[in-house]
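Participant: Before anything else, here's the structure in question.
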Amino acid sequence: MIPRPETELLVDSLTKIYKDKKVSILDIGTGTGCIILSLLMDLRYSTGVGVDVSKKAILIAKKNAEMHELSRRVKFLNKPFQHVSEKKFDLIVSNPPYIMRKDLRNLSDDIRRYEPRMALDGGNDGLDLIKKVIYKSVKILKIRGLLALEIGNEQNLKVSKILVDNNFRIKHVIKDYKNNVRCILANYI
């Protein structure tokens, strides 16, 4: 699970927003932990939870946390994110699968060979997991908390509508190096 430049843009933006603040972070679909661990390295007063259904990914995430001396500030859970309910978070970040199922076979070899299918397959319209993350965030995000989503090309309008329909206000969009909207930051109101 290789972090892409778009994910780095997301982490950089969140680091600027939360610099010198103490926030609780949930990383949905954490994989090897690269997003939450990168955030915690820069946000030294913050704590976090990473959740993923892949046991193998969680084991790697825990090793990565140890390697970066962050094990005391992060907890990794091997379970579906729908089962997270123990607290409310200031920030929820997710890079969920957003590729339409029909487009999976057209991906470049470096993605198809090395990325697990479940980390790519966003269902028929590419929005299956994005919708689930938004619906769950309504229940576990603090009022005025921030949901940060990485999305696929041309999903901006559909995802923005789902967010607004679920009491989120779009705060900021992040464009990739090809000027496509790739991340949406939205406050729960």
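Each chain in the structure tokens gets a letter, A, B and so on, in the order shown; residues start at 1 in every chain, and ligands are counted from 1 in the order they appear.
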Could you find all residues in chain A that DSSP calls strand (DSSP E or B) from the backbone, and write them as a VMD selection string?

Facilitator: chain A and resid 24 to 28 47 to 52 74 to 78 89 to 94 99 121 141 to 150 168 to 175 181 to 188

Participant: Output C-alpha atoms for every residue in that selection, as a PDB file, in the first residue's frame.

Facilitator:
ATOM      1  CA  SER A  24      -8.197  13.181  18.484  1.00  0.00           C
ATOM      2  CA  ILE A  25      -7.885  11.566  15.060  1.00  0.00           C
ATOM      3  CA  LEU A  26      -9.561   8.526  13.510  1.00  0.00           C
ATOM      4  CA  ASP A  27      -8.045   7.080  10.336  1.00  0.00           C
ATOM      5  CA  ILE A  28     -10.624   4.889   8.582  1.00  0.00           C
ATOM      6  CA  THR A  47      -3.568  11.111  19.589  1.00  0.00           C
ATOM      7  CA  GLY A  48      -5.216   8.756  17.176  1.00  0.00           C
ATOM      8  CA  VAL A  49      -6.870   5.502  16.268  1.00  0.00           C
ATOM      9  CA  GLY A  50      -6.368   3.654  12.995  1.00  0.00           C
ATOM     10  CA  VAL A  51      -8.902   1.042  11.960  1.00  0.00           C
ATOM     11  CA  ASP A  52      -8.739  -1.509   9.149  1.00  0.00           C
ATOM     12  CA  VAL A  74      -1.857   5.697  18.492  1.00  0.00           C
ATOM     13  CA  LYS A  75      -3.993   2.598  18.751  1.00  0.00           C
ATOM     14  CA  PHE A  76      -4.687   0.295  15.811  1.00  0.00           C
ATOM     15  CA  LEU A  77      -7.868  -1.768  15.640  1.00  0.00           C
ATOM     16  CA  ASN A  78      -8.474  -4.736  13.351  1.00  0.00           C
ATOM     17  CA  PHE A  89     -13.230  12.482  17.253  1.00  0.00           C
ATOM     18  CA  ASP A  90     -12.074  15.966  16.270  1.00  0.00           C
ATOM     19  CA  LEU A  91     -10.783  14.747  12.907  1.00  0.00           C
ATOM     20  CA  ILE A  92     -11.703  11.755  10.780  1.00  0.00           C
ATOM     21  CA  VAL A  93      -9.487  11.090   7.807  1.00  0.00           C
ATOM     22  CA  SER A  94      -9.971   8.437   5.171  1.00  0.00           C
ATOM     23  CA  ILE A  99     -12.317   3.251  -8.039  1.00  0.00           C
ATOM     24  CA  ASP A 121     -12.708  -1.375  -5.207  1.00  0.00           C
ATOM     25  CA  LEU A 141     -17.407  13.132  14.695  1.00  0.00           C
ATOM     26  CA  LYS A 142     -17.667  16.005  17.154  1.00  0.00           C
ATOM     27  CA  ILE A 143     -19.818  18.985  16.190  1.00  0.00           C
ATOM     28  CA  ARG A 144     -17.600  21.260  14.049  1.00  0.00           C
ATOM     29  CA  GLY A 145     -15.212  18.337  13.673  1.00  0.00           C
ATOM     30  CA  LEU A 146     -13.530  17.817  10.330  1.00  0.00           C
ATOM     31  CA  LEU A 147     -13.942  14.941   7.880  1.00  0.00           C
ATOM     32  CA  ALA A 148     -11.097  14.706   5.370  1.00  0.00           C
ATOM     33  CA  LEU A 149     -11.688  12.402   2.397  1.00  0.00           C
ATOM     34  CA  GLU A 150      -9.525  11.490  -0.535  1.00  0.00           C
ATOM     35  CA  PHE A 168     -21.514  18.829   6.510  1.00  0.00           C
ATOM     36  CA  ARG A 169     -20.198  22.144   5.228  1.00  0.00           C
ATOM     37  CA  ILE A 170     -17.404  21.981   2.664  1.00  0.00           C
ATOM     38  CA  LYS A 171     -14.448  23.848   4.129  1.00  0.00           C
ATOM     39  CA  HIS A 172     -11.762  23.244   1.539  1.00  0.00           C
ATOM     40  CA  VAL A 173     -10.941  21.147  -1.509  1.00  0.00           C
ATOM     41  CA  ILE A 174      -7.456  19.999  -2.439  1.00  0.00           C
ATOM     42  CA  LYS A 175      -6.486  19.671  -6.073  1.00  0.00           C
ATOM     43  CA  VAL A 181     -10.217  17.852  -6.933  1.00  0.00           C
ATOM     44  CA  ARG A 182      -8.797  14.864  -5.004  1.00  0.00           C
ATOM     45  CA  CYS A 183      -9.589  15.670  -1.374  1.00  0.00           C
ATOM     46  CA  ILE A 184     -12.517  17.271   0.376  1.00  0.00           C
ATOM     47  CA  LEU A 185     -12.388  18.704   3.887  1.00  0.00           C
ATOM     48  CA  ALA A 186     -15.815  19.225   5.465  1.00  0.00           C
ATOM     49  CA  ASN A 187     -16.983  20.315   8.910  1.00  0.00           C
ATOM     50  CA  TYR A 188     -19.877  18.553  10.623  1.00  0.00           C
TER      51      TYR A 188
END

Participant: Fewer than 3 positions away in the same chain doesn't count, so skip those; otherwise give me all residues within 9 Å of Asn180 (chain A), counting only C-alpha atoms, as a list in words.

Facilitator: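 Listing them by chain and then by number gives Gly152, Asn153, Glu154, Asn156, Ile174, Lys175, Asp176 and Tyr177 of chain A.
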
Participant: Quick one: write out the picked residues with C-alpha atoms as an mmCIF file, in the first residue's frame?

Facilitator:
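Dumped everything to part17.cif:
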data_model
loop_
_atom_site.group_PDB
_atom_site.id
_atom_site.type_symbol
_atom_site.label_atom_id
_atom_site.label_comp_id
_atom_site.auth_asym_id
_atom_site.auth_seq_id
_atom_site.Cartn_x
_atom_site.Cartn_y
_atom_site.Cartn_z
ATOM 1 C CA GLY A 152 -11.405 9.873 -7.176
ATOM 2 C CA ASN A 153 -11.376 12.080 -10.243
ATOM 3 C CA GLU A 154 -14.773 13.503 -11.127
ATOM 4 C CA ASN A 156 -16.252 15.968 -6.270
ATOM 5 C CA ILE A 174 -7.456 19.999 -2.439
ATOM 6 C CA LYS A 175 -6.486 19.671 -6.073
ATOM 7 C CA ASP A 176 -3.877 17.254 -7.347
ATOM 8 C CA TYR A 177 -1.006 18.115 -9.645
#

Participant: Compare A:Ala61, A:Val11, A:Ile151, A:Leu129 by their minimum atom-to-atom distance to Ile35 (chain A), counting only C-alpha atoms, and give me the closest one.

Facilitator: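 Among A:Ala61, A:Val11, A:Ile151, A:Leu129, it is A:Val11 that comes nearest to Ile35 (chain A).
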
Participant: Env of region 133-140 of chain A: 7 Å cut, atoms = only C-alpha atoms, seq-sep filter 6 positions within chain, self excluded. Answer as a PDB file with C-alpha atoms, in the first residue's frame.

Facilitator:
ATOM      1  CA  GLN A  82     -18.670   0.635  11.396  1.00  0.00           C
ATOM      2  CA  SER A  85     -18.091   3.800  18.690  1.00  0.00           C
ATOM      3  CA  LYS A  87     -15.645   8.052  21.511  1.00  0.00           C
ATOM      4  CA  LYS A  88     -16.108  11.087  19.286  1.00  0.00           C
ATOM      5  CA  PHE A  89     -13.230  12.482  17.253  1.00  0.00           C
ATOM      6  CA  LEU A 163     -21.770  15.592   2.523  1.00  0.00           C
TER       7      LEU A 163
END

Participant: I'd like the contact shell of Ile162 (chain A) - 8 Å cut-off, only C-alpha atoms, skipping same-chain residues fewer than 3 positions apart - returned as a count of residues only.

Facilitator: 6

Participant: Lys79 (chain A): which residues within 9 Å, counting only C-alpha atoms, same-chain residues fewer than 4 positions away excluded, as an MDAnalysis selection string?

Facilitator: chainID A and resid 51:55 83:84

Participant: Any chance you can output those residues with N, CA and C atoms as a tab-separated table (two decimals), in the first residue's frame?

Facilitator:
chain	number	residue	atom	x	y	z
A	51	VAL	N	-8.07	2.24	12.03
A	51	VAL	CA	-8.90	1.04	11.96
A	51	VAL	C	-8.86	0.49	10.54
A	52	ASP	N	-8.78	-0.84	10.45
A	52	ASP	CA	-8.74	-1.51	9.15
A	52	ASP	C	-9.21	-2.95	9.31
A	53	VAL	N	-9.81	-3.49	8.26
A	53	VAL	CA	-10.27	-4.88	8.31
A	53	VAL	C	-9.16	-5.87	8.00
A	54	SER	N	-8.04	-5.38	7.49
A	54	SER	CA	-6.92	-6.27	7.15
A	54	SER	C	-6.00	-6.45	8.35
A	55	LYS	N	-5.95	-7.68	8.84
A	55	LYS	CA	-5.08	-7.99	9.98
A	55	LYS	C	-3.62	-7.76	9.62
A	83	HIS	N	-17.86	-0.52	13.41
A	83	HIS	CA	-17.91	-0.94	14.81
A	83	HIS	C	-17.18	0.00	15.75
A	84	VAL	N	-16.62	1.07	15.24
A	84	VAL	CA	-15.95	2.06	16.09
A	84	VAL	C	-17.03	2.94	16.71

Participant: I need the helix (DSSP H, G or I) residues of chain A per DSSP on the backbone, written as a ChimeraX atom specification.

Facilitator: /A:5-18,34-42,55-67,81-83,101-106,109-112,117-119,128-140,156-165
